[in-house]
Amino acid sequence: MTTLVTKVPIGFLSLLLIITIATKAAAGNFYQDFEVTWGDNRAKIFNGGQLLTLSLDRASGSGFRSKNEYLFAKLDMQIKLVPGNSAGTVTTYYLSSSGGTHDEIDFEFLGNLSGDPYILHTNVFTQGKGNREQQFYLWFDPTADFHTYSILWNPHNIIFSVDGTPIREFKNLESRGVPFPKNQPMRLYSSLWNADDWATRGGLVKTDWAHAPFTASYRNFNAPPAQSWMGQSLDSTGLARIHWVQRNYMIYNYCTDLKRFPQGPPLECSLA
Ligand SMILES: *[C@@H]1O[C@H](CO)[C@@H](O)[C@H](O)[C@H]1NC(C)=O
């Protein structure tokens with residue numbers, strides 16, 4: 001699939017995207033689908049494009065991005081996070097447009113000491129404005145094996161999923177005055193970097209460089225054809241799953257952070 005031109009009208013653009021995605025084989029290849037953007041040889045591709053690893057040492061982290069831009073997408077990636085003492089490290093996996101008033105859909109994995117839980121941090125930016133954090137613990141050890149992290153972004157909603165279980169939904173509430181990303185194509189980005197000023201217990205636990213290099217692994221990138229997800233939203237089973245995750249694993253929700261929003265939470269919180 002070639003990079004999309006942003007000047008064409010939206011209907012045509014979506015159509016073009018549907019056609020290009022539909023004709024693209026589902027199985028991902030890291031050589032074909034991504035380019036390393038920083039960290040030099042700290043990002044490595046193996047097995048003819050089937051496996052990618054990012055690493056972080058004292059001098060630098062590393063990152064890659066998709067060659068394609070997407071206007072709506074369903075993207076699945078299997079990731080195995082930095083094992084052992086990963087405190088201070090952050091692994092990101094997100095969609096973002098470029099420019100000042102950008103849109104962004106974020107997964108970030110905040111490392112921890114051996115045996116202490118990672119935090120899965122999520123956010124949604126619309127037209128340059130974020131401040132919509134939700135954080136979760138996971139119901140498994142994300143460093144022991146690969147797990148699938150998915151972003152579904154269509155005109156109706158954004159759904160974050162882990163191993164097929166939806167954990168967060170951001171609905172299109174544009175008609176009620178909440179901006180929704182729908183005009184700016186986004187690329188998929190991922191990186192591994194040092195954020196020990198804030199990542200682990202709010203910055204109290206620092207990166208232990210004696211354990212460097214830190215490594216995260218990626219495989220089985222999948223961008224299924226648009227007709228399978230363009231109309232998708234949560235059914236009652238999906239809603240039940242999201243409630244299960246939010247009841248048992250959510251550790252932060254901006255919507256209920258009254259200290260932060262003394263005037264009341266953002267509009268989408270009361271509409272959702
Ligand atoms: C790390 O472990 C501590 C103690 O269990 C926990 O409070 C914290 O939420 C965990 N995650 C991060 C990223 O700090």
# chains A, B, ... in the order shown; residues from 1 in each chain; ligands from 1
call {"tool": "residues_near_ligand", "arguments": {"ligand": "ligand 1", "cutoff": "6 Å", "atoms": "only C-alpha atoms and all ligand atoms", "output": "list in words"}}
result
Leu110, Gly111, Asn112, Asp116, Pro117, Tyr118, Ile119, Ala199, Thr200 and Arg201 of chain A
call {"tool": "select_by_dssp", "arguments": {"residues": "segment 29-265 of chain A", "states": "helix (DSSP H, G or I)", "output": "ChimeraX atom specification"}}
result
/A:30-33,40-42,47-49,174-176,201-203,209-211,226-228,236-249,254-256
call {"tool": "residues_around", "arguments": {"residues": "Trp139 of chain A", "least_positions_apart": "4", "cutoff": "10 Å", "atoms": "only C-alpha atoms", "output": "list in words"}}
result
Pro117, Val162, Val245, Asn248 and Tyr249 of chain A
call {"tool": "atom_distance", "arguments": {"atom1": "atom CA of Asn172 of chain A", "atom2": "atom CA of Val124 of chain A"}}
result
12.0 Å
call {"tool": "residues_around", "arguments": {"residues": "segment 61-74 of chain A", "least_positions_apart": "3", "cutoff": "6 Å", "atoms": "only C-alpha atoms", "output": "list in words"}}
result
Thr3, Asp33, Phe34, Glu35, Val36, Thr37, Trp38, Gly39, Arg42, Ala43, Leu54, Leu56, Ile151, Leu152, Trp153, Asn154, Pro185, Met186, Arg187, Leu188, Tyr189, Ser190, Ser191, Leu192, Trp193 and Ala223 of chain A
call {"tool": "write_last_selection", "arguments": {"atoms": "N, CA and C atoms", "output": "PDB file, in the first residue's frame"}}
result
ATOM      1  N   THR A   3       1.688   5.420   0.341  1.00  0.00           N
ATOM      2  CA  THR A   3       1.319   6.497   1.246  1.00  0.00           C
ATOM      3  C   THR A   3       0.148   7.278   0.661  1.00  0.00           C
ATOM      4  N   ASP A  33       6.783  -3.426   5.968  1.00  0.00           N
ATOM      5  CA  ASP A  33       5.771  -2.554   6.559  1.00  0.00           C
ATOM      6  C   ASP A  33       6.326  -1.411   7.409  1.00  0.00           C
ATOM      7  N   PHE A  34       7.589  -1.520   7.855  1.00  0.00           N
ATOM      8  CA  PHE A  34       8.111  -0.557   8.831  1.00  0.00           C
ATOM      9  C   PHE A  34       9.480  -0.035   8.435  1.00  0.00           C
ATOM     10  N   GLU A  35       9.836   1.115   9.034  1.00  0.00           N
ATOM     11  CA  GLU A  35      11.211   1.589   8.906  1.00  0.00           C
ATOM     12  C   GLU A  35      11.721   1.996  10.279  1.00  0.00           C
ATOM     13  N   VAL A  36      12.993   1.716  10.508  1.00  0.00           N
ATOM     14  CA  VAL A  36      13.621   2.084  11.769  1.00  0.00           C
ATOM     15  C   VAL A  36      13.861   3.589  11.729  1.00  0.00           C
ATOM     16  N   THR A  37      13.410   4.295  12.761  1.00  0.00           N
ATOM     17  CA  THR A  37      13.508   5.754  12.738  1.00  0.00           C
ATOM     18  C   THR A  37      14.608   6.286  13.644  1.00  0.00           C
ATOM     19  N   TRP A  38      14.976   5.531  14.668  1.00  0.00           N
ATOM     20  CA  TRP A  38      16.096   5.981  15.498  1.00  0.00           C
ATOM     21  C   TRP A  38      16.690   4.822  16.285  1.00  0.00           C
ATOM     22  N   GLY A  39      17.904   5.063  16.812  1.00  0.00           N
ATOM     23  CA  GLY A  39      18.563   4.046  17.621  1.00  0.00           C
ATOM     24  C   GLY A  39      19.531   3.165  16.847  1.00  0.00           C
ATOM     25  N   ARG A  42      20.232  -0.623  17.300  1.00  0.00           N
ATOM     26  CA  ARG A  42      19.482  -1.100  18.467  1.00  0.00           C
ATOM     27  C   ARG A  42      18.125  -1.666  18.041  1.00  0.00           C
ATOM     28  N   ALA A  43      17.681  -1.320  16.834  1.00  0.00           N
ATOM     29  CA  ALA A  43      16.476  -1.946  16.274  1.00  0.00           C
ATOM     30  C   ALA A  43      16.942  -2.985  15.266  1.00  0.00           C
ATOM     31  N   LEU A  54      13.583  -4.160  19.662  1.00  0.00           N
ATOM     32  CA  LEU A  54      14.083  -2.827  19.986  1.00  0.00           C
ATOM     33  C   LEU A  54      14.924  -2.969  21.233  1.00  0.00           C
ATOM     34  N   LEU A  56      17.395  -0.777  24.340  1.00  0.00           N
ATOM     35  CA  LEU A  56      17.695   0.472  25.043  1.00  0.00           C
ATOM     36  C   LEU A  56      18.961   0.259  25.863  1.00  0.00           C
ATOM     37  N   ILE A 151      -5.396  -1.864  18.138  1.00  0.00           N
ATOM     38  CA  ILE A 151      -6.117  -0.593  18.059  1.00  0.00           C
ATOM     39  C   ILE A 151      -7.118  -0.721  16.918  1.00  0.00           C
ATOM     40  N   LEU A 152      -8.389  -0.506  17.235  1.00  0.00           N
ATOM     41  CA  LEU A 152      -9.408  -0.383  16.192  1.00  0.00           C
ATOM     42  C   LEU A 152      -9.816   1.083  16.146  1.00  0.00           C
ATOM     43  N   TRP A 153      -9.685   1.682  14.973  1.00  0.00           N
ATOM     44  CA  TRP A 153     -10.051   3.090  14.809  1.00  0.00           C
ATOM     45  C   TRP A 153     -10.926   3.182  13.571  1.00  0.00           C
ATOM     46  N   ASN A 154     -12.207   3.374  13.783  1.00  0.00           N
ATOM     47  CA  ASN A 154     -13.110   3.558  12.653  1.00  0.00           C
ATOM     48  C   ASN A 154     -13.986   4.781  12.925  1.00  0.00           C
ATOM     49  N   PRO A 185      -4.552  11.445   8.595  1.00  0.00           N
ATOM     50  CA  PRO A 185      -3.995  10.087   8.553  1.00  0.00           C
ATOM     51  C   PRO A 185      -2.918   9.921   9.626  1.00  0.00           C
ATOM     52  N   MET A 186      -2.804   8.715  10.138  1.00  0.00           N
ATOM     53  CA  MET A 186      -1.835   8.450  11.193  1.00  0.00           C
ATOM     54  C   MET A 186      -0.903   7.310  10.787  1.00  0.00           C
ATOM     55  N   ARG A 187       0.292   7.357  11.339  1.00  0.00           N
ATOM     56  CA  ARG A 187       1.225   6.246  11.207  1.00  0.00           C
ATOM     57  C   ARG A 187       1.270   5.487  12.526  1.00  0.00           C
ATOM     58  N   LEU A 188       1.706   4.233  12.446  1.00  0.00           N
ATOM     59  CA  LEU A 188       1.937   3.445  13.658  1.00  0.00           C
ATOM     60  C   LEU A 188       3.397   3.624  14.074  1.00  0.00           C
ATOM     61  N   TYR A 189       3.610   3.921  15.341  1.00  0.00           N
ATOM     62  CA  TYR A 189       4.960   4.116  15.865  1.00  0.00           C
ATOM     63  C   TYR A 189       5.184   3.175  17.041  1.00  0.00           C
ATOM     64  N   SER A 190       6.439   2.812  17.258  1.00  0.00           N
ATOM     65  CA  SER A 190       6.764   2.103  18.482  1.00  0.00           C
ATOM     66  C   SER A 190       8.179   2.464  18.895  1.00  0.00           C
ATOM     67  N   SER A 191       8.410   2.503  20.195  1.00  0.00           N
ATOM     68  CA  SER A 191       9.748   2.855  20.668  1.00  0.00           C
ATOM     69  C   SER A 191       9.988   2.256  22.044  1.00  0.00           C
ATOM     70  N   LEU A 192      11.253   2.160  22.379  1.00  0.00           N
ATOM     71  CA  LEU A 192      11.680   1.744  23.722  1.00  0.00           C
ATOM     72  C   LEU A 192      12.656   2.797  24.204  1.00  0.00           C
ATOM     73  N   TRP A 193      12.357   3.417  25.329  1.00  0.00           N
ATOM     74  CA  TRP A 193      13.208   4.514  25.797  1.00  0.00           C
ATOM     75  C   TRP A 193      13.246   4.608  27.302  1.00  0.00           C
ATOM     76  N   ALA A 223      -2.798  -6.097   9.691  1.00  0.00           N
ATOM     77  CA  ALA A 223      -3.731  -5.009   9.383  1.00  0.00           C
ATOM     78  C   ALA A 223      -4.822  -5.591   8.487  1.00  0.00           C
TER      79      ALA A 223
END
call {"tool": "closest_residue", "arguments": {"among": "A:Pro213, A:Gly100, A:Gly84, A:Gly49", "to": "Lys129 of chain A", "atoms": "only C-alpha atoms"}}
result
A:Gly100
